[in-house]
Amino acid sequence: MQKLVSQSLVSLILLVSSIASVQAGVTANVGVTSNYVFRGETQTDDGAAIQGGVDFSHEIGFYLGAWASNVDFPGANADGFEVDLYGGIKFNIGNNMAVDVGYISYQYTDSNLSDVSEIYFGFVFNDLSITYFDGDVDNTNNDYNYIDVKFNPSLPYEMKLLLHYGYKDNEGSGNVDDASIGISKDFGAFEGSATFTTIDGTGNDDEKFFLMITKSFDI
């Protein structure tokens, strides 16, 4: 799995390098969080994570990216790194409206964790986005779909409100709801955020609060 992740990253970097000369942009980001929480569940056993990624976007709406974080799942006797590879196209369909279609692969360096892939289709209107994900977990029958609703309006003093609701339909094994509320602020040199999240339906319902600092820059 580590070899596959490395090969995928090298392929993505070479592809981005080969097309970076066209009318496009390449950005990178790094960050640290007190708890890596994804769709209401901790990915680091409630511990801190260092994260980073690179994104390529073309003026026509096409984009590619890679993102990575450390992970820790004691229940699965697994840790190491998660590497996400994604690509898609986002195009305008009207005034302040857009459609986003793409694919994302969640790859893990620990063989005790199954890789996951998702096809997604999203609709964006101003600060509101609604995205449908169709997910497949490798070597299992744990297919699922997930609906993600976000509303992130701007606030005074270069802040944003971060509202999220998610609904996961696990085929044959029940449903899960998660929600979060947070606030982010642009400090110029970096962006900081604070988020409260809750989840219901996992059998281990939980509430979490975490802080995050990120820095983005052009390449």
# chains A, B, ... in the order shown; residues from 1 in each chain; ligands from 1

call {"tool": "residues_around", "arguments": {"residues": "Gly201 (chain A)", "least_positions_apart": "4", "cutoff": "10 Å", "atoms": "only C-alpha atoms", "output": "list in words"}}
result
Lys168, Gly174, Asn175, Val176, Asp177, Asp178, Asp205 and Asp206 of chain A

call {"tool": "residues_around", "arguments": {"residues": "Asp55 (chain A)", "least_positions_apart": "3", "cutoff": "6 Å", "atoms": "only C-alpha atoms", "output": "ChimeraX atom specification"}}
result
/A:26-27,64-65

call {"tool": "residues_around", "arguments": {"residues": "region 91-108 of chain A", "least_positions_apart": "4", "cutoff": "9 Å", "atoms": "only C-alpha atoms", "output": "PyMOL selection string"}}
result
chain A and resi 1-2+4-5+60-62+71+79-87+112-126+131

call {"tool": "atom_distance", "arguments": {"atom1": "CA of Pro153 (chain A)", "atom2": "CA of Phe196 (chain A)"}}
result
17.1 Å

call {"tool": "residues_around", "arguments": {"residues": "region 32-39 of chain A", "least_positions_apart": "3", "cutoff": "10 Å", "atoms": "only C-alpha atoms", "output": "ChimeraX atom specification"}}
result
/A:42-52,69-72,146,148,164-168,176-180,192-195,197-199,208-215

call {"tool": "atom_distance", "arguments": {"atom1": "CA of Gly203 (chain A)", "atom2": "CA of Asp169 (chain A)"}}
result
14.6 Å

call {"tool": "select_by_dssp", "arguments": {"residues": "region 82-111 of chain A", "states": "strand (DSSP E or B)", "output": "ChimeraX atom specification"}}
result
/A:82-94,97-108

call {"tool": "select_by_dssp", "arguments": {"residues": "region 4-134 of chain A", "states": "alpha helix (DSSP H)", "output": "JSON, numbers by chain"}}
result
{"A": [4, 5, 6, 7, 8, 9, 10, 11, 12, 13, 14, 15, 16, 17, 18, 19]}

call {"tool": "write_last_selection", "arguments": {"atoms": "C-alpha atoms", "output": "short mmCIF file (atom, residue, chain, number, x, y, z; two decimals), in the first residue's frame"}}
result
data_model
loop_
_atom_site.label_atom_id
_atom_site.label_comp_id
_atom_site.auth_asym_id
_atom_site.auth_seq_id
_atom_site.Cartn_x
_atom_site.Cartn_y
_atom_site.Cartn_z
CA LEU A 4 0.83 2.45 -4.28
CA VAL A 5 0.45 5.71 -2.36
CA SER A 6 3.94 6.83 -3.38
CA GLN A 7 3.31 5.98 -7.04
CA SER A 8 -0.01 7.85 -6.99
CA LEU A 9 1.61 10.94 -5.49
CA VAL A 10 4.45 10.90 -8.02
CA SER A 11 1.97 10.52 -10.89
CA LEU A 12 -0.10 13.45 -9.61
CA ILE A 13 2.96 15.68 -9.19
CA LEU A 14 4.17 14.87 -12.70
CA LEU A 15 0.73 15.57 -14.16
CA VAL A 16 0.44 18.89 -12.35
CA SER A 17 3.95 19.86 -13.45
CA SER A 18 3.20 19.02 -17.08
CA ILE A 19 0.11 21.23 -17.25
#

call {"tool": "atom_distance", "arguments": {"atom1": "CA of Ala66 (chain A)", "atom2": "CA of Gly182 (chain A)"}}
result
24.6 Å

call {"tool": "closest_residue", "arguments": {"among": "A:Asn145, A:Asn170, A:Ser129, A:Ser57", "to": "Ala24 (chain A)", "atoms": "only C-alpha atoms"}}
result
A:Ser57

call {"tool": "closest_residue", "arguments": {"among": "A:Lys90, A:Glu207, A:Glu171, A:Glu158", "to": "Phe187 (chain A)", "atoms": "only C-alpha atoms"}}
result
A:Glu158

call {"tool": "decode", "arguments": {"residues": "region 100-149 of chain A", "atoms": "N, CA and C atoms", "output": "compact mmCIF listing (two decimals), in the first residue's frame"}}
result
# COMPACT_ATOMS: atom_id res chain seq x y z
N ASP A 100 -20.51 20.83 -9.26
CA ASP A 100 -19.19 20.26 -9.00
C ASP A 100 -19.30 18.73 -9.08
N VAL A 101 -18.53 18.12 -9.98
CA VAL A 101 -18.56 16.67 -10.17
C VAL A 101 -17.14 16.14 -10.09
N GLY A 102 -16.92 15.07 -9.32
CA GLY A 102 -15.56 14.57 -9.21
C GLY A 102 -15.44 13.22 -8.54
N TYR A 103 -14.20 12.86 -8.26
CA TYR A 103 -13.84 11.56 -7.68
C TYR A 103 -12.76 11.78 -6.64
N ILE A 104 -12.84 11.04 -5.54
CA ILE A 104 -11.82 11.14 -4.49
C ILE A 104 -11.48 9.74 -3.99
N SER A 105 -10.19 9.52 -3.76
CA SER A 105 -9.70 8.25 -3.24
C SER A 105 -9.00 8.50 -1.91
N TYR A 106 -9.44 7.79 -0.87
CA TYR A 106 -8.81 7.87 0.45
C TYR A 106 -7.92 6.63 0.60
N GLN A 107 -6.61 6.85 0.61
CA GLN A 107 -5.67 5.74 0.68
C GLN A 107 -4.92 5.77 2.01
N TYR A 108 -4.65 4.59 2.54
CA TYR A 108 -4.00 4.48 3.85
C TYR A 108 -2.72 3.66 3.75
N THR A 109 -1.71 4.09 4.48
CA THR A 109 -0.44 3.38 4.45
C THR A 109 -0.46 2.12 5.29
N ASP A 110 -1.42 2.01 6.22
CA ASP A 110 -1.53 0.82 7.07
C ASP A 110 -2.46 -0.19 6.41
N SER A 111 -1.97 -1.40 6.18
CA SER A 111 -2.76 -2.42 5.49
C SER A 111 -3.97 -2.89 6.29
N ASN A 112 -4.05 -2.53 7.58
CA ASN A 112 -5.22 -2.89 8.37
C ASN A 112 -6.43 -2.00 8.06
N LEU A 113 -6.20 -0.96 7.29
CA LEU A 113 -7.28 -0.05 6.90
C LEU A 113 -7.60 -0.23 5.43
N SER A 114 -8.89 -0.29 5.10
CA SER A 114 -9.33 -0.43 3.72
C SER A 114 -9.37 0.93 3.04
N ASP A 115 -8.87 0.98 1.81
CA ASP A 115 -8.98 2.22 1.04
C ASP A 115 -10.44 2.46 0.68
N VAL A 116 -10.77 3.72 0.47
CA VAL A 116 -12.15 4.11 0.18
C VAL A 116 -12.15 5.02 -1.05
N SER A 117 -13.15 4.88 -1.89
CA SER A 117 -13.30 5.77 -3.04
C SER A 117 -14.72 6.31 -3.09
N GLU A 118 -14.85 7.54 -3.57
CA GLU A 118 -16.15 8.19 -3.67
C GLU A 118 -16.28 8.93 -4.99
N ILE A 119 -17.43 8.84 -5.59
CA ILE A 119 -17.84 9.71 -6.69
C ILE A 119 -18.81 10.73 -6.10
N TYR A 120 -18.64 11.99 -6.47
CA TYR A 120 -19.52 13.00 -5.87
C TYR A 120 -20.10 13.94 -6.92
N PHE A 121 -21.25 14.47 -6.55
CA PHE A 121 -21.96 15.45 -7.38
C PHE A 121 -22.49 16.52 -6.45
N GLY A 122 -22.12 17.77 -6.70
CA GLY A 122 -22.50 18.85 -5.81
C GLY A 122 -23.12 20.03 -6.52
N PHE A 123 -23.94 20.75 -5.78
CA PHE A 123 -24.55 21.98 -6.26
C PHE A 123 -24.19 23.11 -5.30
N VAL A 124 -23.76 24.23 -5.85
CA VAL A 124 -23.33 25.38 -5.05
C VAL A 124 -24.16 26.60 -5.42
N PHE A 125 -24.68 27.28 -4.40
CA PHE A 125 -25.40 28.53 -4.60
C PHE A 125 -24.95 29.51 -3.52
N ASN A 126 -24.21 30.54 -3.94
CA ASN A 126 -23.63 31.50 -3.00
C ASN A 126 -22.84 30.76 -1.91
N ASP A 127 -23.23 30.90 -0.66
CA ASP A 127 -22.49 30.29 0.45
C ASP A 127 -23.02 28.90 0.83
N LEU A 128 -24.01 28.39 0.08
CA LEU A 128 -24.62 27.10 0.37
C LEU A 128 -24.13 26.06 -0.63
N SER A 129 -23.77 24.87 -0.11
CA SER A 129 -23.41 23.76 -0.99
C SER A 129 -24.09 22.49 -0.50
N ILE A 130 -24.54 21.68 -1.46
CA ILE A 130 -25.15 20.38 -1.18
C ILE A 130 -24.46 19.36 -2.08
N THR A 131 -23.85 18.34 -1.47
CA THR A 131 -23.06 17.38 -2.22
C THR A 131 -23.48 15.96 -1.87
N TYR A 132 -23.64 15.14 -2.91
CA TYR A 132 -23.98 13.73 -2.74
C TYR A 132 -22.75 12.89 -3.07
N PHE A 133 -22.37 11.99 -2.15
CA PHE A 133 -21.22 11.11 -2.33
C PHE A 133 -21.70 9.66 -2.41
N ASP A 134 -21.19 8.94 -3.39
CA ASP A 134 -21.44 7.50 -3.49
C ASP A 134 -20.13 6.79 -3.18
N GLY A 135 -20.07 6.08 -2.04
CA GLY A 135 -18.82 5.55 -1.54
C GLY A 135 -18.69 4.05 -1.65
N ASP A 136 -17.44 3.59 -1.84
CA ASP A 136 -17.13 2.17 -1.93
C ASP A 136 -15.90 1.89 -1.07
N VAL A 137 -16.00 0.93 -0.15
CA VAL A 137 -14.88 0.53 0.70
C VAL A 137 -14.26 -0.72 0.11
N ASP A 138 -12.96 -0.67 -0.21
CA ASP A 138 -12.29 -1.78 -0.87
C ASP A 138 -12.41 -3.08 -0.08
N ASN A 139 -12.62 -4.16 -0.81
CA ASN A 139 -12.61 -5.53 -0.26
C ASN A 139 -13.66 -5.77 0.83
N THR A 140 -14.74 -4.98 0.80
CA THR A 140 -15.83 -5.16 1.76
C THR A 140 -17.15 -4.96 1.04
N ASN A 141 -18.22 -5.22 1.77
CA ASN A 141 -19.57 -4.91 1.26
C ASN A 141 -20.13 -3.65 1.90
N ASN A 142 -19.24 -2.83 2.47
CA ASN A 142 -19.66 -1.65 3.22
C ASN A 142 -19.83 -0.44 2.31
N ASP A 143 -20.61 -0.56 1.25
CA ASP A 143 -20.88 0.59 0.40
C ASP A 143 -21.84 1.53 1.12
N TYR A 144 -21.84 2.78 0.73
CA TYR A 144 -22.64 3.78 1.42
C TYR A 144 -22.87 4.98 0.51
N ASN A 145 -23.78 5.84 0.92
CA ASN A 145 -23.88 7.16 0.30
C ASN A 145 -23.97 8.20 1.41
N TYR A 146 -23.54 9.39 1.09
CA TYR A 146 -23.44 10.44 2.10
C TYR A 146 -23.90 11.75 1.48
N ILE A 147 -24.72 12.47 2.21
CA ILE A 147 -25.17 13.80 1.78
C ILE A 147 -24.56 14.84 2.71
N ASP A 148 -23.89 15.80 2.12
CA ASP A 148 -23.19 16.84 2.87
C ASP A 148 -23.81 18.20 2.55
N VAL A 149 -24.26 18.89 3.58
CA VAL A 149 -24.82 20.23 3.41
C VAL A 149 -23.97 21.22 4.20
